[in-house]
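Participant: run.txt (compact mmCIF, C-alpha atoms) pasted underneath:
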```txt
# COMPACT_ATOMS: atom_id res chain seq x y z
CA MET A 1405 168.98 113.63 78.60
CA PRO A 1406 167.90 110.00 78.50
CA TYR A 1407 167.95 107.98 81.70
CA ASP A 1408 170.35 105.12 82.20
CA PRO A 1409 169.02 102.32 79.98
CA ARG A 1410 169.26 99.92 82.91
CA LEU A 1411 166.81 102.07 84.86
CA VAL A 1412 164.19 102.11 82.14
CA GLN A 1413 164.53 98.51 80.99
CA PRO A 1414 161.90 97.24 83.46
CA MET A 1415 159.48 99.83 82.07
CA ARG A 1416 160.18 98.59 78.55
CA ASP A 1417 159.80 94.99 79.69
CA GLU A 1418 156.45 95.76 81.29
CA MET A 1419 155.20 96.89 77.90
CA THR A 1420 156.55 94.02 75.84
CA ARG A 1421 155.25 91.48 78.35
CA MET A 1422 151.71 92.69 77.69
CA GLY A 1423 152.25 92.30 73.94
CA ALA A 1424 153.21 95.82 72.90
CA ARG A 1425 155.82 96.15 70.18
CA GLU A 1426 158.51 98.71 70.78
CA LEU A 1427 159.18 101.32 68.10
CA THR A 1428 162.72 102.54 68.59
CA THR A 1429 163.47 104.08 65.20
CA VAL A 1430 161.79 106.46 62.78
CA ALA A 1431 161.49 103.64 60.25
CA GLU A 1432 159.71 101.44 62.77
CA ALA A 1433 157.32 104.26 63.65
CA ASP A 1434 156.50 104.86 59.99
CA ALA A 1435 156.01 101.17 59.34
CA ALA A 1436 153.61 100.83 62.26
CA LEU A 1437 151.65 104.05 61.80
CA GLY A 1438 151.95 105.12 58.19
CA ASP A 1439 149.07 104.20 55.90
CA VAL A 1440 147.90 101.39 58.14
CA ARG A 1441 144.36 100.07 58.21
CA GLY A 1442 142.68 98.50 61.19
CA THR A 1443 143.12 99.50 64.81
CA THR A 1444 146.36 100.44 66.51
CA LEU A 1445 147.03 101.71 70.00
CA VAL A 1446 150.18 103.75 70.56
CA PHE A 1447 151.39 103.97 74.14
CA VAL A 1448 153.84 106.80 74.82
CA ASN A 1449 155.86 105.41 77.69
CA SER A 1450 157.44 107.57 80.38
CA VAL A 1451 159.69 107.20 83.38
CA CYS A 1452 157.30 109.37 85.39
CA GLY A 1453 156.20 107.23 88.30
CA CYS A 1454 153.38 109.63 89.13
CA ALA A 1455 151.45 108.79 85.97
CA ALA A 1456 153.16 106.02 84.04
CA GLY A 1457 153.05 103.91 87.20
CA SER A 1458 149.29 103.75 86.66
CA ALA A 1459 149.18 103.91 82.89
CA ARG A 1460 151.16 100.75 82.15
CA PRO A 1461 149.14 98.52 84.49
CA ALA A 1462 145.97 100.11 83.15
CA LEU A 1463 146.81 99.16 79.59
CA ASN A 1464 147.77 95.68 80.72
CA LEU A 1465 144.32 95.31 82.29
CA ALA A 1466 142.54 96.79 79.29
CA LEU A 1467 144.28 94.41 76.91
CA ARG A 1468 142.56 91.51 78.68
CA HIS A 1469 139.27 92.90 77.44
CA PRO A 1470 137.79 90.71 74.69
CA THR A 1471 137.67 93.65 72.29
CA ARG A 1472 141.01 95.29 71.76
CA PRO A 1473 143.20 96.90 69.11
CA GLU A 1474 144.72 94.69 66.47
CA GLN A 1475 148.13 96.25 67.00
CA VAL A 1476 149.68 97.70 70.18
CA VAL A 1477 152.92 99.61 69.86
CA THR A 1478 154.96 101.77 72.19
CA VAL A 1479 157.50 104.55 72.01
CA PHE A 1480 159.50 105.75 74.97
CA ALA A 1481 159.48 109.52 75.49
CA GLY A 1482 162.85 110.91 76.49
CA GLN A 1483 164.55 107.64 75.61
CA ASP A 1484 163.83 106.83 71.98
CA VAL A 1485 163.62 110.48 71.07
CA GLU A 1486 163.47 110.29 67.27
CA ALA A 1487 160.96 107.44 67.19
CA THR A 1488 158.76 109.26 69.68
CA ALA A 1489 158.89 112.48 67.70
CA ARG A 1490 157.94 110.64 64.52
CA ALA A 1491 155.10 108.77 66.19
CA ARG A 1492 153.77 112.05 67.55
CA GLN A 1493 153.61 113.44 64.03
CA TYR A 1494 150.80 110.97 63.42
CA PHE A 1495 148.74 112.55 66.22
CA SER A 1496 149.98 116.11 66.01
CA ASP A 1497 146.56 117.61 66.73
CA TYR A 1498 147.20 116.53 70.30
CA ALA A 1499 149.77 118.26 72.46
CA PRO A 1500 152.66 116.00 73.41
CA SER A 1501 152.45 114.47 76.86
CA SER A 1502 153.75 111.34 78.44
CA PRO A 1503 152.47 108.94 79.34
CA SER A 1504 149.67 109.10 76.84
CA MET A 1505 147.81 106.80 74.49
CA ALA A 1506 146.43 107.25 70.99
CA LEU A 1507 143.95 104.82 69.48
CA PHE A 1508 143.87 104.78 65.70
CA ARG A 1509 141.32 103.28 63.36
CA ASP A 1510 142.25 103.22 59.68
CA GLY A 1511 144.89 105.86 60.23
CA GLU A 1512 142.68 108.31 62.15
CA VAL A 1513 142.93 109.05 65.84
CA VAL A 1514 139.59 108.06 67.34
CA HIS A 1515 140.45 108.23 71.04
CA PHE A 1516 143.22 109.92 72.98
CA VAL A 1517 144.25 109.54 76.61
CA HIS A 1518 146.31 112.47 77.84
CA ARG A 1519 148.56 112.45 80.84
CA HIS A 1520 146.07 114.64 82.68
CA MET A 1521 143.47 111.88 82.26
CA ILE A 1522 145.81 109.41 83.97
CA GLU A 1523 147.16 111.39 86.91
CA GLY A 1524 145.80 110.40 90.28
CA ARG A 1525 143.58 107.67 88.88
CA SER A 1526 143.82 103.96 89.53
CA PRO A 1527 144.75 101.45 86.84
CA ASP A 1528 141.24 99.99 87.14
CA GLN A 1529 139.61 103.33 86.40
CA ILE A 1530 141.82 104.01 83.42
CA ALA A 1531 141.42 100.47 82.11
CA ARG A 1532 137.63 100.68 82.25
CA GLU A 1533 137.66 103.77 80.05
CA LEU A 1534 140.11 102.18 77.65
CA ALA A 1535 137.96 99.08 77.38
CA SER A 1536 134.99 101.28 76.65
CA ALA A 1537 136.94 102.92 73.82
CA PHE A 1538 137.95 99.49 72.52
CA ASP A 1539 134.30 98.46 72.47
CA GLN A 1540 133.41 101.59 70.56
CA TYR A 1541 136.21 101.60 68.01
CA CYS A 1542 137.85 98.16 67.71
CA GLN A 1543 136.63 95.05 66.04
CA PRO A 1544 136.53 91.91 68.17
CA THR A 1545 139.66 89.80 67.92
CA THR A 1546 139.76 86.04 68.05
CA ALA A 1547 143.32 85.72 69.36
CA MET B 893 148.08 105.06 93.22
CA SER B 894 149.65 107.60 95.53
CA GLY B 895 151.49 109.70 93.02
CA HIS B 896 154.56 109.58 95.22
CA VAL B 897 156.31 106.72 93.51
CA PHE B 898 159.57 108.53 92.89
CA HIS B 899 159.06 111.75 94.78
CA PRO B 900 158.36 111.28 98.49
CA GLY B 901 157.71 114.40 100.49
CA HIS B 902 156.09 116.45 97.77
CA SER B 903 152.63 117.98 97.77
CA GLU B 904 149.65 115.83 96.80
CA LEU B 905 149.50 117.89 93.62
CA HIS B 906 153.10 117.16 92.65
CA GLY B 907 153.17 115.88 89.08
CA VAL B 908 149.50 116.67 88.52
CA THR B 909 148.25 118.93 85.72
CA VAL B 910 146.46 121.83 87.35
CA VAL B 911 144.64 125.01 86.47
CA LEU B 912 146.09 127.89 88.40
CA GLU B 913 143.95 131.00 88.40
CA ALA B 914 145.96 134.11 89.15
CA ALA B 915 145.26 137.77 89.64
CA ALA B 916 143.94 139.89 86.78
CA GLY B 917 142.15 136.94 85.20
CA VAL B 918 145.32 135.19 84.09
CA LEU B 919 145.03 131.43 84.01
CA TYR B 920 147.80 128.86 83.73
CA VAL B 921 147.56 125.15 82.98
CA GLY B 922 150.62 123.13 83.79
CA ARG B 923 152.17 120.39 85.84
CA TYR B 924 152.38 121.34 89.51
CA HIS B 925 155.84 120.86 90.95
CA GLU B 926 155.94 122.54 94.35
CA GLU B 927 155.29 125.69 96.29
CA THR B 928 158.53 127.53 96.93
CA PRO B 929 159.12 130.73 98.92
CA ALA B 930 158.87 132.54 95.58
CA GLY B 931 155.54 130.98 94.64
CA ILE B 932 154.09 127.94 92.92
CA LEU B 933 156.37 126.30 90.39
CA LEU B 934 154.66 124.79 87.35
CA HIS B 935 156.25 122.90 84.46
CA ASP B 936 155.19 122.84 80.79
CA VAL B 937 152.67 125.62 81.12
CA ALA B 938 149.99 127.02 78.81
CA GLU B 939 148.72 130.51 79.57
CA HIS B 940 145.39 132.19 78.97
CA ARG B 941 144.66 135.90 79.18
CA ALA B 942 141.23 137.21 78.43
CA VAL B 943 141.22 139.43 75.35
CA ALA B 944 138.34 140.88 73.41
CA GLY B 945 137.15 138.37 70.85
CA GLY B 946 139.44 135.66 72.16
CA ALA B 947 138.64 132.37 73.83
CA THR B 948 137.10 132.53 77.26
CA ALA B 949 138.78 130.75 80.13
CA GLN B 950 136.19 128.01 79.89
CA GLU B 951 136.79 127.55 76.16
CA PHE B 952 140.53 127.50 76.76
CA VAL B 953 140.25 124.83 79.44
CA GLU B 954 137.82 122.74 77.39
CA LYS B 955 140.19 122.80 74.43
CA THR B 956 143.06 121.86 76.70
CA LEU B 957 141.10 118.95 78.13
CA LYS B 958 140.49 117.62 74.63
CA PHE B 959 143.78 118.35 72.88
CA GLY B 960 146.25 118.59 75.74
CA VAL B 961 148.44 121.31 77.19
CA ARG B 962 150.05 123.45 74.49
CA ALA B 963 152.90 124.66 76.66
CA THR B 964 154.37 128.08 76.02
CA HIS B 965 156.51 128.15 79.17
CA HIS B 966 158.85 125.35 80.19
CA ASN B 967 158.74 126.54 83.80
CA ILE B 968 156.92 129.35 85.54
CA VAL B 969 156.72 130.52 89.14
CA VAL B 970 153.47 132.23 90.08
CA PRO B 971 153.87 134.38 93.20
CA SER B 972 151.72 132.97 96.00
CA ALA B 973 150.10 136.34 96.63
CA SER B 974 148.62 136.37 93.14
CA VAL B 975 147.24 132.81 93.25
CA ARG B 976 143.44 132.78 93.46
CA ARG B 977 142.73 129.08 93.05
CA VAL B 978 144.51 125.87 92.10
CA SER B 979 142.42 122.96 90.78
CA ARG B 980 143.20 119.71 89.06
CA LEU B 981 142.56 120.18 85.35
CA MET B 982 140.19 117.24 85.36
CA ASP B 983 138.18 118.81 88.20
CA TRP B 984 138.18 122.44 87.08
CA THR B 985 134.92 124.33 87.00
CA VAL B 986 134.19 127.95 86.23
CA SER B 987 134.48 130.01 89.40
```
Please rewrite the model in this file as structure tokens.
Facilitator:
Amino acid sequence: MPYDPRLVQPMRDEMTRMGARELTTVAEADAALGDVRGTTLVFVNSVCGCAAGSARPALNLALRHPTRPEQVVTVFAGQDVEATARARQYFSDYAPSSPSMALFRDGEVVHFVHRHMIEGRSPDQIARELASAFDQYCQPTTA
Amino acid sequence: MSGHVFHPGHSELHGVTVVLEAAAGVLYVGRYHEETPAGILLHDVAEHRAVAGGATAQEFVEKTLKFGVRATHHNIVVPSASVRRVSRLMDWTVS
């Protein structure tokens, strides 16, 4: 059962403030992830304070890195259920977990951050690994 | 990050994905919730049992590390008496 929208709004706001675009419908998920070239990071948001409390700040830090994905989108597990399920179809080789992150290049998943890679780690640690993945898989942006 | 953002009073492992090695070579990977009088409660649990020709425990854990936890149990309680070792998934090594 979804949480009270008022409870999760700050977690949504944290994502949009760092430039992530929310995908709240199946159509939005398909538009963002279907047959798309370039680099896209999908952040599966979660109310779980144990892990998402580190994951969101980590992504915020990583997005300050000079090399980063061209597109950053987010779905909210347990909240936007249909959009999350559709987004997960694009990385179905990976077991669902939240929070998690999938980095795509030209429609292929090239890097995946599971929940178990987030738990108990600081935002700095997670961000460093994300930045390393950005360096490996993303073209420099001039924005 | 303490891991106790919403859940004060729980074990350090609360909310953490662990490998629980149990008696008879059974291995579970799931999210640790708490230890109750009945045993250790895990959520969203994948299970490995050694069978001839099947994946070894190490292969199972390595696949889980790469592709995530393919849960076959929503919740499971492993009796404390049968627990041999509990490790964070990220720290697990062959015993």
Participant: When you get a sec, could you note down which chain A residues fall within 8 Å of chain B, using only C-alpha atoms, as a ChimeraX atom specification?
Facilitator: /A:1452-1455,1457-1458,1497-1501,1518,1520-1521,1523-1526
Participant: What separation in Å, quoted to one decimal, exists between atom CA of Leu1463 of chain A and atom CA of Phe1508 of chain A?
Facilitator: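 The value is 15.3 Å.
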Participant: Under the rule that all atoms listed in the file are counted, which of A:His1515, A:Phe1447, A:Thr1471, A:Ile1522 is the nearest residue to Arg1492 of chain A?
Facilitator: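 Residue with the minimum atom-to-atom distance to Arg1492 of chain A: A:Phe1447.
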Participant: Could you tell me which of B:Val953, B:Val986, B:Ala947, B:Val969 comes closest to Val921 of chain B if we count all atoms listed in the file?
Facilitator: B:Val953
Participant: What separation in Å, quoted to one decimal, exists between atom CA of Leu934 of chain B and atom CA of Val1451 of chain A?
Facilitator: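 So the two atoms, atom CA of Leu934 of chain B and atom CA of Val1451 of chain A, lie 18.7 Å apart.
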Participant: Grab the atom CA of Gln1493 of chain A to atom CA of Leu919 of chain B distance for me, in Å with one decimal place.
Facilitator: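 Straight-line distance from atom CA of Gln1493 of chain A to atom CA of Leu919 of chain B works out to 28.2 Å.
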Participant: Tell me, as a count of residues only, which residues lie within 10 Å of Asn1464 of chain A, counting only C-alpha atoms; anything in the same chain fewer than 6 positions away does not count.
Facilitator: 8
Participant: Considering all atoms listed in the file, state which residue in the set A:Leu1411, A:Pro1461, A:Thr1443, A:Gly1438 is at the smallest distance from Gln1529 of chain A.
Facilitator: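 Among A:Leu1411, A:Pro1461, A:Thr1443, A:Gly1438, it is A:Pro1461 that comes nearest to Gln1529 of chain A.
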Participant: Hey, what's within 12 Å of Val970 of chain B if we count only C-alpha atoms and toss same-chain stuff fewer than 2 positions away? As a PyMOL selection string, please?
Facilitator: chain B and resi 911-915+918-922+924-935+937+939+967-968+972-978
Participant: Quick one: of A:Ala1466, A:Ala1459, A:Gln1475, A:Asp1528, who's nearest to Glu1426 of chain A, counting all atoms listed in the file?
Facilitator: A:Gln1475
Participant: Have a look at A:Met1505, A:Glu1512, A:His1469, A:Ser1450 and name the one nearest to Ala1481 of chain A; count all atoms listed in the file.
Facilitator: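 The shortest atom-to-atom distance to Ala1481 of chain A comes from A:Ser1450.
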Participant: Emit segment 938-974 of chain B of the structure in the block as a file comprising N, CA and C atoms, as a PDB file, in the first residue's frame.
Facilitator:
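In the end it all went to result.pdb:
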```pdb
ATOM      1  N   ALA B 938      16.134 -15.202  -1.000  1.00  0.00           N
ATOM      2  CA  ALA B 938      16.505 -16.237  -1.960  1.00  0.00           C
ATOM      3  C   ALA B 938      17.160 -17.371  -1.180  1.00  0.00           C
ATOM      4  N   GLU B 939      16.981 -18.590  -1.677  1.00  0.00           N
ATOM      5  CA  GLU B 939      17.459 -19.760  -0.941  1.00  0.00           C
ATOM      6  C   GLU B 939      18.343 -20.608  -1.839  1.00  0.00           C
ATOM      7  N   HIS B 940      19.411 -21.126  -1.269  1.00  0.00           N
ATOM      8  CA  HIS B 940      20.281 -22.041  -2.012  1.00  0.00           C
ATOM      9  C   HIS B 940      20.461 -23.335  -1.229  1.00  0.00           C
ATOM     10  N   ARG B 941      20.261 -24.443  -1.924  1.00  0.00           N
ATOM     11  CA  ARG B 941      20.554 -25.760  -1.352  1.00  0.00           C
ATOM     12  C   ARG B 941      21.475 -26.476  -2.324  1.00  0.00           C
ATOM     13  N   ALA B 942      22.511 -27.019  -1.793  1.00  0.00           N
ATOM     14  CA  ALA B 942      23.473 -27.714  -2.654  1.00  0.00           C
ATOM     15  C   ALA B 942      22.838 -28.970  -3.239  1.00  0.00           C
ATOM     16  N   VAL B 943      22.881 -29.075  -4.558  1.00  0.00           N
ATOM     17  CA  VAL B 943      22.405 -30.291  -5.226  1.00  0.00           C
ATOM     18  C   VAL B 943      23.447 -30.681  -6.268  1.00  0.00           C
ATOM     19  N   ALA B 944      23.502 -31.957  -6.550  1.00  0.00           N
ATOM     20  CA  ALA B 944      24.487 -32.444  -7.512  1.00  0.00           C
ATOM     21  C   ALA B 944      24.303 -31.749  -8.859  1.00  0.00           C
ATOM     22  N   GLY B 945      25.365 -31.187  -9.377  1.00  0.00           N
ATOM     23  CA  GLY B 945      25.301 -30.523 -10.670  1.00  0.00           C
ATOM     24  C   GLY B 945      24.759 -29.104 -10.624  1.00  0.00           C
ATOM     25  N   GLY B 946      24.332 -28.674  -9.461  1.00  0.00           N
ATOM     26  CA  GLY B 946      23.790 -27.321  -9.330  1.00  0.00           C
ATOM     27  C   GLY B 946      24.867 -26.319  -8.959  1.00  0.00           C
ATOM     28  N   ALA B 947      24.457 -25.074  -8.830  1.00  0.00           N
ATOM     29  CA  ALA B 947      25.410 -24.021  -8.470  1.00  0.00           C
ATOM     30  C   ALA B 947      25.927 -24.248  -7.056  1.00  0.00           C
ATOM     31  N   THR B 948      27.203 -23.953  -6.870  1.00  0.00           N
ATOM     32  CA  THR B 948      27.747 -23.987  -5.517  1.00  0.00           C
ATOM     33  C   THR B 948      27.263 -22.752  -4.764  1.00  0.00           C
ATOM     34  N   ALA B 949      27.480 -22.759  -3.471  1.00  0.00           N
ATOM     35  CA  ALA B 949      27.101 -21.589  -2.675  1.00  0.00           C
ATOM     36  C   ALA B 949      27.836 -20.356  -3.172  1.00  0.00           C
ATOM     37  N   GLN B 950      29.101 -20.524  -3.499  1.00  0.00           N
ATOM     38  CA  GLN B 950      29.877 -19.377  -3.971  1.00  0.00           C
ATOM     39  C   GLN B 950      29.314 -18.850  -5.296  1.00  0.00           C
ATOM     40  N   GLU B 951      28.986 -19.751  -6.194  1.00  0.00           N
ATOM     41  CA  GLU B 951      28.413 -19.319  -7.475  1.00  0.00           C
ATOM     42  C   GLU B 951      27.081 -18.620  -7.262  1.00  0.00           C
ATOM     43  N   PHE B 952      26.287 -19.159  -6.340  1.00  0.00           N
ATOM     44  CA  PHE B 952      24.981 -18.560  -6.046  1.00  0.00           C
ATOM     45  C   PHE B 952      25.157 -17.143  -5.501  1.00  0.00           C
ATOM     46  N   VAL B 953      26.083 -16.982  -4.582  1.00  0.00           N
ATOM     47  CA  VAL B 953      26.284 -15.650  -3.991  1.00  0.00           C
ATOM     48  C   VAL B 953      26.859 -14.696  -5.030  1.00  0.00           C
ATOM     49  N   GLU B 954      27.785 -15.162  -5.849  1.00  0.00           N
ATOM     50  CA  GLU B 954      28.360 -14.283  -6.870  1.00  0.00           C
ATOM     51  C   GLU B 954      27.298 -13.813  -7.867  1.00  0.00           C
ATOM     52  N   LYS B 955      26.416 -14.716  -8.234  1.00  0.00           N
ATOM     53  CA  LYS B 955      25.331 -14.329  -9.147  1.00  0.00           C
ATOM     54  C   LYS B 955      24.400 -13.329  -8.470  1.00  0.00           C
ATOM     55  N   THR B 956      24.148 -13.550  -7.196  1.00  0.00           N
ATOM     56  CA  THR B 956      23.281 -12.633  -6.456  1.00  0.00           C
ATOM     57  C   THR B 956      23.916 -11.254  -6.342  1.00  0.00           C
ATOM     58  N   LEU B 957      25.211 -11.227  -6.115  1.00  0.00           N
ATOM     59  CA  LEU B 957      25.904  -9.934  -6.037  1.00  0.00           C
ATOM     60  C   LEU B 957      25.750  -9.166  -7.345  1.00  0.00           C
ATOM     61  N   LYS B 958      25.822  -9.878  -8.462  1.00  0.00           N
ATOM     62  CA  LYS B 958      25.771  -9.193  -9.755  1.00  0.00           C
ATOM     63  C   LYS B 958      24.351  -8.843 -10.177  1.00  0.00           C
ATOM     64  N   PHE B 959      23.420  -9.780  -9.986  1.00  0.00           N
ATOM     65  CA  PHE B 959      22.078  -9.582 -10.544  1.00  0.00           C
ATOM     66  C   PHE B 959      21.001  -9.310  -9.504  1.00  0.00           C
ATOM     67  N   GLY B 960      21.374  -9.337  -8.225  1.00  0.00           N
ATOM     68  CA  GLY B 960      20.405  -9.026  -7.187  1.00  0.00           C
ATOM     69  C   GLY B 960      19.772 -10.272  -6.585  1.00  0.00           C
ATOM     70  N   VAL B 961      18.933 -10.038  -5.595  1.00  0.00           N
ATOM     71  CA  VAL B 961      18.325 -11.131  -4.834  1.00  0.00           C
ATOM     72  C   VAL B 961      17.024 -11.548  -5.512  1.00  0.00           C
ATOM     73  N   ARG B 962      17.037 -12.760  -6.081  1.00  0.00           N
ATOM     74  CA  ARG B 962      15.810 -13.305  -6.687  1.00  0.00           C
ATOM     75  C   ARG B 962      15.022 -13.991  -5.581  1.00  0.00           C
ATOM     76  N   ALA B 963      14.167 -13.230  -4.937  1.00  0.00           N
ATOM     77  CA  ALA B 963      13.475 -13.729  -3.744  1.00  0.00           C
ATOM     78  C   ALA B 963      12.450 -14.801  -4.096  1.00  0.00           C
ATOM     79  N   THR B 964      12.474 -15.856  -3.311  1.00  0.00           N
ATOM     80  CA  THR B 964      11.461 -16.902  -3.440  1.00  0.00           C
ATOM     81  C   THR B 964      10.593 -16.982  -2.184  1.00  0.00           C
ATOM     82  N   HIS B 965      11.000 -16.284  -1.138  1.00  0.00           N
ATOM     83  CA  HIS B 965      10.201 -16.204   0.092  1.00  0.00           C
ATOM     84  C   HIS B 965      10.030 -14.722   0.430  1.00  0.00           C
ATOM     85  N   HIS B 966       8.800 -14.328   0.706  1.00  0.00           N
ATOM     86  CA  HIS B 966       8.589 -12.943   1.137  1.00  0.00           C
ATOM     87  C   HIS B 966       9.179 -12.741   2.534  1.00  0.00           C
ATOM     88  N   ASN B 967       8.910 -13.679   3.403  1.00  0.00           N
ATOM     89  CA  ASN B 967       9.458 -13.645   4.772  1.00  0.00           C
ATOM     90  C   ASN B 967       9.876 -15.055   5.147  1.00  0.00           C
ATOM     91  N   ILE B 968      10.905 -15.158   5.961  1.00  0.00           N
ATOM     92  CA  ILE B 968      11.286 -16.469   6.488  1.00  0.00           C
ATOM     93  C   ILE B 968      11.898 -16.271   7.870  1.00  0.00           C
ATOM     94  N   VAL B 969      11.624 -17.213   8.754  1.00  0.00           N
ATOM     95  CA  VAL B 969      12.240 -17.181  10.083  1.00  0.00           C
ATOM     96  C   VAL B 969      13.139 -18.415  10.185  1.00  0.00           C
ATOM     97  N   VAL B 970      14.412 -18.170  10.396  1.00  0.00           N
ATOM     98  CA  VAL B 970      15.368 -19.272  10.517  1.00  0.00           C
ATOM     99  C   VAL B 970      15.634 -19.490  12.004  1.00  0.00           C
ATOM    100  N   PRO B 971      15.310 -20.662  12.522  1.00  0.00           N
ATOM    101  CA  PRO B 971      15.505 -20.903  13.964  1.00  0.00           C
ATOM    102  C   PRO B 971      16.952 -20.624  14.379  1.00  0.00           C
ATOM    103  N   SER B 972      17.111 -19.934  15.472  1.00  0.00           N
ATOM    104  CA  SER B 972      18.456 -19.514  15.903  1.00  0.00           C
ATOM    105  C   SER B 972      19.395 -20.692  16.042  1.00  0.00           C
ATOM    106  N   ALA B 973      18.874 -21.827  16.485  1.00  0.00           N
ATOM    107  CA  ALA B 973      19.729 -22.997  16.707  1.00  0.00           C
ATOM    108  C   ALA B 973      20.338 -23.515  15.408  1.00  0.00           C
ATOM    109  N   SER B 974      19.720 -23.209  14.285  1.00  0.00           N
ATOM    110  CA  SER B 974      20.254 -23.730  13.018  1.00  0.00           C
ATOM    111  C   SER B 974      21.134 -22.712  12.302  1.00  0.00           C
TER     112      SER B 974
END
```
